[in-house]
Amino acid sequence: TVISNHLPTAELQALDAAHHMHPFTTNNELAERGARVITSGKGVYLRDSEGNEILDAMAGLWCVNLGYGREELVKVAARQMQELPFYNTFFNTTHTPAIALAAELAKLAPEGLNHVFFAGSGSESNDTNLRMVRVYWAEKGQPEKSHIISRKNAYHGSSVGSGSLGGMAYMHAQGGLPIPGIHHIGQPDWWAEGGDQTPEEFGLARAQELEAKILELGADKVAAFIAEPIQGAGGVIIPPSTYWPEIQRICDKYNVLIIADEVICGFGRTGNWFGSTTMGIKPHIMTIAKGLSSGYMPIGGSIVCDEIAEVINAIEFNHGYTYSGHPVCAAVALENLRIMQDENVLDHVNNVAGPALNAALTQLGDHPLVGGVNVKGMMASLPLTPNKATRAKFAMDAGTVGFMCRERCFANNLVMRHVGDRMIISPPLTITADEVEIFHKRAKTALDETY
Ligand code: PLP
């Protein structure tokens, strides 16, 4: 029995405030408001301790891709816990869940990406990548080819390594990030930064910042470029069509490895198994987590190309986590991938949920507060603005209107997140057309109440 069934909400909130330090939160402010206590979930709905049914248009943190309450995942976890709850993969041992999951991922990944290094999260996986690309070049006799180029406003995790790869200024402002050897170029955010340029001109210009940075550092110093195919936490920023082809050309030309961070884009969110396919990228490494297990268990990893694996597998790579390839997490991930295939979740995204979401968002785009609609598959953002034509910012502090809208969503039993003044949508991939309609109604009400 869960504790929440027994304690009144206020008591839970008081305990939470007294002892629980929340991530990315001003805990004292939260203590005054009282955190909303989530007690259970089914399908696309969450239930809170007051009995409200909340439509989760964020799939948790972009991860509960199959929705809540999937019995098959629960059963597999229970069975695996009984059979083998833990064993490591460090010292000449392996186990079936890790073997089977690695083989399945090699099958699903684009050609040439056939090797998996497991971790417990996206952050850990990007830490793996940071070290792996440097070790790769060192083993190739180029130890100075160690610099990594990323982008401002990128999100790659919250550890010291992955937070440094990320380009969030407010994270860099705390705790001594970024570590040396990591550089950040501009992001392809036409909406906020494109000015009078067309999206295509702007996309090309932003990609060419990569070439300028490589030339500034020296191509023999640059190990890799890391990017999400579509930035998620930065605000669902879909690059203009000119961006990725130019990035690919530049990386090919200067022998710079591409790390595609697929933590959000992977496993169907953009309509293909991987965002790299959707955006036409040929990565050397893909970071995975979140949708890999639909968030039911913490698991991540790096899917590595043959060329890098050949070099890394020839040495002892002094890196790994206790929970690399954790058997219960791996078994649940494998079952998640089985369900996705057996239920044709990608077809559902491309033919049902995606078109329904697109239509709903297009209608919301007519709302006077909404300045545009950015959507690819099942990830989307609605930038809010006082002036659609000029894409103007609000007179209030950035993020104030977005926060107000998020609060109105929550009051209407809808989870939409805000990044600054952009509303973010990333529902479970299994959402039905009827549920999208409910999303639409609640989102419209929240926008009306914010206006
Ligand atoms: N990379 C991307 C693109 C992410 O969106 C996230 C998390 O939101 C991460 C990495 C970090 O993953 P985790 O929170 O599992 O460490």
# chains A, B, ... in the order shown; residues from 1 in each chain; ligands from 1
>>> select_by_dssp(residues="stretch 118-214 of chain A", states="alpha helix (DSSP H)", output="ChimeraX atom specification")
/A:122-139,160-165,169-172,190-193,199-214
>>> write_last_selection(atoms="C-alpha atoms", output="mmCIF file, in the first residue's frame")
data_model
loop_
_atom_site.group_PDB
_atom_site.id
_atom_site.type_symbol
_atom_site.label_atom_id
_atom_site.label_comp_id
_atom_site.auth_asym_id
_atom_site.auth_seq_id
_atom_site.Cartn_x
_atom_site.Cartn_y
_atom_site.Cartn_z
ATOM 1 C CA GLY A 122 21.009 10.524 -20.013
ATOM 2 C CA SER A 123 23.483 12.558 -17.960
ATOM 3 C CA GLU A 124 25.651 9.535 -17.270
ATOM 4 C CA SER A 125 25.496 8.516 -20.921
ATOM 5 C CA ASN A 126 26.727 11.905 -22.050
ATOM 6 C CA ASP A 127 29.538 11.684 -19.491
ATOM 7 C CA THR A 128 30.429 8.384 -21.147
ATOM 8 C CA ASN A 129 30.418 10.068 -24.552
ATOM 9 C CA LEU A 130 32.614 12.916 -23.387
ATOM 10 C CA ARG A 131 35.292 10.493 -22.253
ATOM 11 C CA MET A 132 34.824 7.990 -25.050
ATOM 12 C CA VAL A 133 35.419 10.428 -27.916
ATOM 13 C CA ARG A 134 38.535 11.783 -26.205
ATOM 14 C CA VAL A 135 39.873 8.282 -25.570
ATOM 15 C CA TYR A 136 39.066 7.368 -29.178
ATOM 16 C CA TRP A 137 41.186 10.181 -30.606
ATOM 17 C CA ALA A 138 43.968 9.602 -28.063
ATOM 18 C CA GLU A 139 44.125 5.946 -29.084
ATOM 19 C CA VAL A 160 29.420 18.169 -14.133
ATOM 20 C CA GLY A 161 30.339 16.658 -17.493
ATOM 21 C CA SER A 162 26.940 16.632 -19.139
ATOM 22 C CA GLY A 163 26.007 20.016 -17.633
ATOM 23 C CA SER A 164 29.161 21.399 -19.234
ATOM 24 C CA LEU A 165 28.226 19.877 -22.581
ATOM 25 C CA ALA A 169 23.540 29.764 -18.974
ATOM 26 C CA TYR A 170 21.675 29.480 -15.673
ATOM 27 C CA MET A 171 23.326 26.110 -15.026
ATOM 28 C CA HIS A 172 26.778 27.403 -15.962
ATOM 29 C CA TRP A 190 14.871 31.195 -35.602
ATOM 30 C CA TRP A 191 11.817 32.202 -33.569
ATOM 31 C CA ALA A 192 13.803 33.955 -30.842
ATOM 32 C CA GLU A 193 17.002 34.921 -32.610
ATOM 33 C CA PRO A 199 14.565 30.578 -41.401
ATOM 34 C CA GLU A 200 16.723 29.053 -44.158
ATOM 35 C CA GLU A 201 19.263 31.887 -44.108
ATOM 36 C CA PHE A 202 19.378 31.811 -40.340
ATOM 37 C CA GLY A 203 19.745 28.010 -40.170
ATOM 38 C CA LEU A 204 22.680 28.147 -42.552
ATOM 39 C CA ALA A 205 24.336 30.982 -40.648
ATOM 40 C CA ARG A 206 24.013 29.147 -37.337
ATOM 41 C CA ALA A 207 25.467 25.958 -38.837
ATOM 42 C CA GLN A 208 28.370 27.938 -40.225
ATOM 43 C CA GLU A 209 29.233 29.060 -36.689
ATOM 44 C CA LEU A 210 30.417 25.476 -36.260
ATOM 45 C CA GLU A 211 32.872 25.818 -39.110
ATOM 46 C CA ALA A 212 34.137 29.131 -37.712
ATOM 47 C CA LYS A 213 34.634 27.568 -34.267
ATOM 48 C CA ILE A 214 36.460 24.545 -35.723
#
>>> residues_around(residues="A:Ala57", least_positions_apart="3", cutoff="8 Å", atoms="only C-alpha atoms", output="count of residues only")
9
>>> atom_distance(atom1="atom CA of A:Val222", atom2="atom CA of A:Pro143")
10.3 Å
>>> closest_atom_pairs(of="chain A", to="ligand 1", cutoff="9 Å", atoms="only C-alpha atoms and all ligand atoms", output="JSON lines")
{"residue": "A:Leu61", "atom": "CA", "partner": "ligand 1", "partner_atom_place_in_ligand_line": "8 (O)", "distance": 6.8}
{"residue": "A:Trp62", "atom": "CA", "partner": "ligand 1", "partner_atom_place_in_ligand_line": "8 (O)", "distance": 7.5}
{"residue": "A:Cys63", "atom": "CA", "partner": "ligand 1", "partner_atom_place_in_ligand_line": "8 (O)", "distance": 8.9}
{"residue": "A:Gly120", "atom": "CA", "partner": "ligand 1", "partner_atom_place_in_ligand_line": "15 (O)", "distance": 7.4}
{"residue": "A:Ser121", "atom": "CA", "partner": "ligand 1", "partner_atom_place_in_ligand_line": "15 (O)", "distance": 3.8}
{"residue": "A:Gly122", "atom": "CA", "partner": "ligand 1", "partner_atom_place_in_ligand_line": "12 (O)", "distance": 3.3}
{"residue": "A:Ser123", "atom": "CA", "partner": "ligand 1", "partner_atom_place_in_ligand_line": "16 (O)", "distance": 3.5}
{"residue": "A:Glu124", "atom": "CA", "partner": "ligand 1", "partner_atom_place_in_ligand_line": "16 (O)", "distance": 6.2}
{"residue": "A:Ser125", "atom": "CA", "partner": "ligand 1", "partner_atom_place_in_ligand_line": "16 (O)", "distance": 7.8}
{"residue": "A:Asn126", "atom": "CA", "partner": "ligand 1", "partner_atom_place_in_ligand_line": "10 (C)", "distance": 7.0}
{"residue": "A:Ala154", "atom": "CA", "partner": "ligand 1", "partner_atom_place_in_ligand_line": "3 (C)", "distance": 7.7}
{"residue": "A:Tyr155", "atom": "CA", "partner": "ligand 1", "partner_atom_place_in_ligand_line": "2 (C)", "distance": 5.4}
{"residue": "A:His156", "atom": "CA", "partner": "ligand 1", "partner_atom_place_in_ligand_line": "1 (N)", "distance": 3.7}
{"residue": "A:Gly157", "atom": "CA", "partner": "ligand 1", "partner_atom_place_in_ligand_line": "11 (C)", "distance": 3.6}
{"residue": "A:Ser158", "atom": "CA", "partner": "ligand 1", "partner_atom_place_in_ligand_line": "16 (O)", "distance": 6.3}
{"residue": "A:Ser159", "atom": "CA", "partner": "ligand 1", "partner_atom_place_in_ligand_line": "16 (O)", "distance": 7.6}
{"residue": "A:Ser162", "atom": "CA", "partner": "ligand 1", "partner_atom_place_in_ligand_line": "10 (C)", "distance": 7.5}
{"residue": "A:Gly163", "atom": "CA", "partner": "ligand 1", "partner_atom_place_in_ligand_line": "11 (C)", "distance": 8.8}
{"residue": "A:Gly166", "atom": "CA", "partner": "ligand 1", "partner_atom_place_in_ligand_line": "1 (N)", "distance": 8.4}
{"residue": "A:Ala227", "atom": "CA", "partner": "ligand 1", "partner_atom_place_in_ligand_line": "3 (C)", "distance": 8.1}
{"residue": "A:Glu228", "atom": "CA", "partner": "ligand 1", "partner_atom_place_in_ligand_line": "3 (C)", "distance": 5.8}
{"residue": "A:Pro229", "atom": "CA", "partner": "ligand 1", "partner_atom_place_in_ligand_line": "3 (C)", "distance": 8.9}
{"residue": "A:Ile230", "atom": "CA", "partner": "ligand 1", "partner_atom_place_in_ligand_line": "3 (C)", "distance": 8.6}
{"residue": "A:Gln231", "atom": "CA", "partner": "ligand 1", "partner_atom_place_in_ligand_line": "3 (C)", "distance": 6.9}
{"residue": "A:Gly232", "atom": "CA", "partner": "ligand 1", "partner_atom_place_in_ligand_line": "5 (O)", "distance": 5.9}
{"residue": "A:Ala233", "atom": "CA", "partner": "ligand 1", "partner_atom_place_in_ligand_line": "5 (O)", "distance": 5.7}
{"residue": "A:Gly234", "atom": "CA", "partner": "ligand 1", "partner_atom_place_in_ligand_line": "5 (O)", "distance": 8.7}
{"residue": "A:Ala260", "atom": "CA", "partner": "ligand 1", "partner_atom_place_in_ligand_line": "3 (C)", "distance": 8.9}
{"residue": "A:Asp261", "atom": "CA", "partner": "ligand 1", "partner_atom_place_in_ligand_line": "3 (C)", "distance": 5.4}
{"residue": "A:Glu262", "atom": "CA", "partner": "ligand 1", "partner_atom_place_in_ligand_line": "3 (C)", "distance": 6.1}
{"residue": "A:Val263", "atom": "CA", "partner": "ligand 1", "partner_atom_place_in_ligand_line": "3 (C)", "distance": 4.7}
{"residue": "A:Ile264", "atom": "CA", "partner": "ligand 1", "partner_atom_place_in_ligand_line": "5 (O)", "distance": 5.2}
{"residue": "A:Cys265", "atom": "CA", "partner": "ligand 1", "partner_atom_place_in_ligand_line": "3 (C)", "distance": 7.6}
{"residue": "A:Thr287", "atom": "CA", "partner": "ligand 1", "partner_atom_place_in_ligand_line": "1 (N)", "distance": 7.3}
{"residue": "A:Ile288", "atom": "CA", "partner": "ligand 1", "partner_atom_place_in_ligand_line": "1 (N)", "distance": 7.9}
{"residue": "A:Ala289", "atom": "CA", "partner": "ligand 1", "partner_atom_place_in_ligand_line": "15 (O)", "distance": 6.0}
{"residue": "A:Lys290", "atom": "CA", "partner": "ligand 1", "partner_atom_place_in_ligand_line": "15 (O)", "distance": 6.3}
{"residue": "A:Pro298", "atom": "CA", "partner": "ligand 1", "partner_atom_place_in_ligand_line": "15 (O)", "distance": 7.4}
{"residue": "A:Ile299", "atom": "CA", "partner": "ligand 1", "partner_atom_place_in_ligand_line": "15 (O)", "distance": 7.7}
{"residue": "A:Gly300", "atom": "CA", "partner": "ligand 1", "partner_atom_place_in_ligand_line": "15 (O)", "distance": 7.0}
>>> write_last_selection(atoms="C-alpha atoms", output="CSV table (one decimal), in the first residue's frame")
chain,number,residue,atom,x,y,z
A,61,LEU,CA,9.6,14.4,-18.4
A,62,TRP,CA,9.3,13.5,-22.1
A,63,CYS,CA,9.6,9.8,-21.2
A,120,GLY,CA,21.6,4.8,-15.6
A,121,SER,CA,20.5,8.1,-17.2
A,122,GLY,CA,21.0,10.5,-20.0
A,123,SER,CA,23.5,12.6,-18.0
A,124,GLU,CA,25.7,9.5,-17.3
A,125,SER,CA,25.5,8.5,-20.9
A,126,ASN,CA,26.7,11.9,-22.1
A,154,ALA,CA,21.4,22.9,-25.3
A,155,TYR,CA,20.4,20.4,-22.5
A,156,HIS,CA,22.6,17.3,-22.1
A,157,GLY,CA,22.1,16.6,-18.4
A,158,SER,CA,23.0,17.9,-15.0
A,159,SER,CA,26.2,16.1,-14.0
A,162,SER,CA,26.9,16.6,-19.1
A,163,GLY,CA,26.0,20.0,-17.6
A,166,GLY,CA,24.9,21.6,-22.2
A,227,ALA,CA,23.6,18.2,-30.4
A,228,GLU,CA,20.0,17.1,-30.0
A,229,PRO,CA,18.4,16.5,-33.4
A,230,ILE,CA,15.6,18.8,-32.1
A,231,GLN,CA,16.3,20.7,-28.9
A,232,GLY,CA,13.8,19.6,-26.3
A,233,ALA,CA,14.4,21.3,-22.9
A,234,GLY,CA,15.6,24.4,-24.7
A,260,ALA,CA,23.3,12.9,-31.5
A,261,ASP,CA,21.6,13.3,-28.1
A,262,GLU,CA,18.5,11.2,-28.7
A,263,VAL,CA,17.4,11.3,-25.0
A,264,ILE,CA,14.1,13.0,-26.0
A,265,CYS,CA,14.0,12.5,-29.8
A,287,THR,CA,22.8,9.1,-26.5
A,288,ILE,CA,19.6,7.3,-25.3
A,289,ALA,CA,17.5,7.3,-22.1
A,290,LYS,CA,14.0,8.3,-21.2
A,298,PRO,CA,16.1,4.5,-15.0
A,299,ILE,CA,18.3,3.4,-17.9
A,300,GLY,CA,20.4,5.1,-20.5
>>> closest_residue(among="A:Glu32, A:Glu437, A:His115, A:Asn255", to="A:Ala309", atoms="only C-alpha atoms")
A:His115
>>> residues_around(residues="stretch 10-18 of chain A", least_positions_apart="5", cutoff="10 Å", atoms="only C-alpha atoms", output="MDAnalysis selection string")
chainID A and resid 3:4 27:37 49
>>> select_by_dssp(residues="stretch 262-343 of chain A", states="strand (DSSP E or B)", output="MDAnalysis selection string")
chainID A and resid 285:288 300:305
>>> write_last_selection(atoms="N, CA and C atoms", output="short mmCIF file (atom, residue, chain, number, x, y, z; two decimals), in the first residue's frame")
data_model
loop_
_atom_site.label_atom_id
_atom_site.label_comp_id
_atom_site.auth_asym_id
_atom_site.auth_seq_id
_atom_site.Cartn_x
_atom_site.Cartn_y
_atom_site.Cartn_z
N ILE A 285 27.77 8.51 -32.49
CA ILE A 285 27.27 8.03 -31.20
C ILE A 285 25.87 8.62 -31.00
N MET A 286 24.97 7.83 -30.46
CA MET A 286 23.67 8.37 -30.07
C MET A 286 23.49 8.17 -28.56
N THR A 287 23.10 9.23 -27.88
CA THR A 287 22.77 9.14 -26.45
C THR A 287 21.31 8.73 -26.33
N ILE A 288 21.04 7.73 -25.49
CA ILE A 288 19.64 7.32 -25.29
C ILE A 288 19.31 7.25 -23.80
N GLY A 300 19.90 4.37 -19.40
CA GLY A 300 20.36 5.14 -20.55
C GLY A 300 21.50 4.40 -21.20
N GLY A 301 22.07 5.03 -22.21
CA GLY A 301 23.19 4.38 -22.86
C GLY A 301 23.71 5.19 -24.04
N SER A 302 24.82 4.70 -24.58
CA SER A 302 25.41 5.28 -25.78
C SER A 302 25.42 4.20 -26.84
N ILE A 303 24.81 4.48 -27.98
CA ILE A 303 24.89 3.53 -29.11
C ILE A 303 26.04 4.02 -29.99
N VAL A 304 27.03 3.16 -30.15
CA VAL A 304 28.32 3.57 -30.68
C VAL A 304 28.57 2.92 -32.04
N CYS A 305 29.16 3.68 -32.95
CA CYS A 305 29.42 3.14 -34.30
C CYS A 305 30.58 2.14 -34.29
#
>>> residues_around(residues="stretch 392-396 of chain A", least_positions_apart="5", cutoff="10 Å", atoms="only C-alpha atoms", output="ChimeraX atom specification")
/A:191-192,371,383-387,401,421
>>> atom_distance(atom1="atom CA of A:Phe267", atom2="atom CA of A:Val345")
9.6 Å
>>> residues_around(residues="stretch 179-183 of chain A", least_positions_apart="3", cutoff="6 Å", atoms="only C-alpha atoms", output="ChimeraX atom specification")
/A:147-150,164
>>> write_last_selection(atoms="N, CA and C atoms", output="PDB file, in the first residue's frame")
ATOM      1  N   HIS A 147      38.730  18.733 -27.866  1.00  0.00           N
ATOM      2  CA  HIS A 147      37.706  19.758 -27.601  1.00  0.00           C
ATOM      3  C   HIS A 147      36.349  19.310 -28.157  1.00  0.00           C
ATOM      4  N   ILE A 148      35.323  19.737 -27.461  1.00  0.00           N
ATOM      5  CA  ILE A 148      33.972  19.361 -27.899  1.00  0.00           C
ATOM      6  C   ILE A 148      33.149  20.635 -28.102  1.00  0.00           C
ATOM      7  N   ILE A 149      32.440  20.667 -29.201  1.00  0.00           N
ATOM      8  CA  ILE A 149      31.613  21.835 -29.496  1.00  0.00           C
ATOM      9  C   ILE A 149      30.144  21.464 -29.300  1.00  0.00           C
ATOM     10  N   SER A 150      29.456  22.311 -28.575  1.00  0.00           N
ATOM     11  CA  SER A 150      28.029  22.126 -28.320  1.00  0.00           C
ATOM     12  C   SER A 150      27.322  23.440 -28.645  1.00  0.00           C
ATOM     13  N   SER A 164      28.199  20.580 -18.481  1.00  0.00           N
ATOM     14  CA  SER A 164      29.161  21.399 -19.234  1.00  0.00           C
ATOM     15  C   SER A 164      28.914  21.263 -20.730  1.00  0.00           C
TER      16      SER A 164
END
>>> closest_residue(among="A:Tyr323, A:Tyr296, A:Phe410, A:Phe403", to="A:Phe86", atoms="only C-alpha atoms")
A:Tyr323
>>> closest_residue(among="A:Ala353, A:Met81, A:Leu429, A:Cys329", to="A:Ala119", atoms="only C-alpha atoms")
A:Cys329
>>> closest_residue(among="A:Leu7, A:Ile438, A:Val349, A:Ala433", to="A:Asn412", atoms="only C-alpha atoms")
A:Ile438
>>> atom_distance(atom1="atom CA of A:Ala446", atom2="atom CA of A:Met168")
28.1 Å
>>> residues_around(residues="A:Pro283", least_positions_apart="6", cutoff="12 Å", atoms="only C-alpha atoms", output="VMD selection string")
chain A and resid 109 to 113 224 to 229 244 247 to 248 251 to 252 256 to 262 274 to 277 302 to 308
>>> closest_residue(among="A:Asn358, A:Phe24, A:Thr430, A:Tyr321", to="A:Glu343", atoms="only C-alpha atoms")
A:Thr430
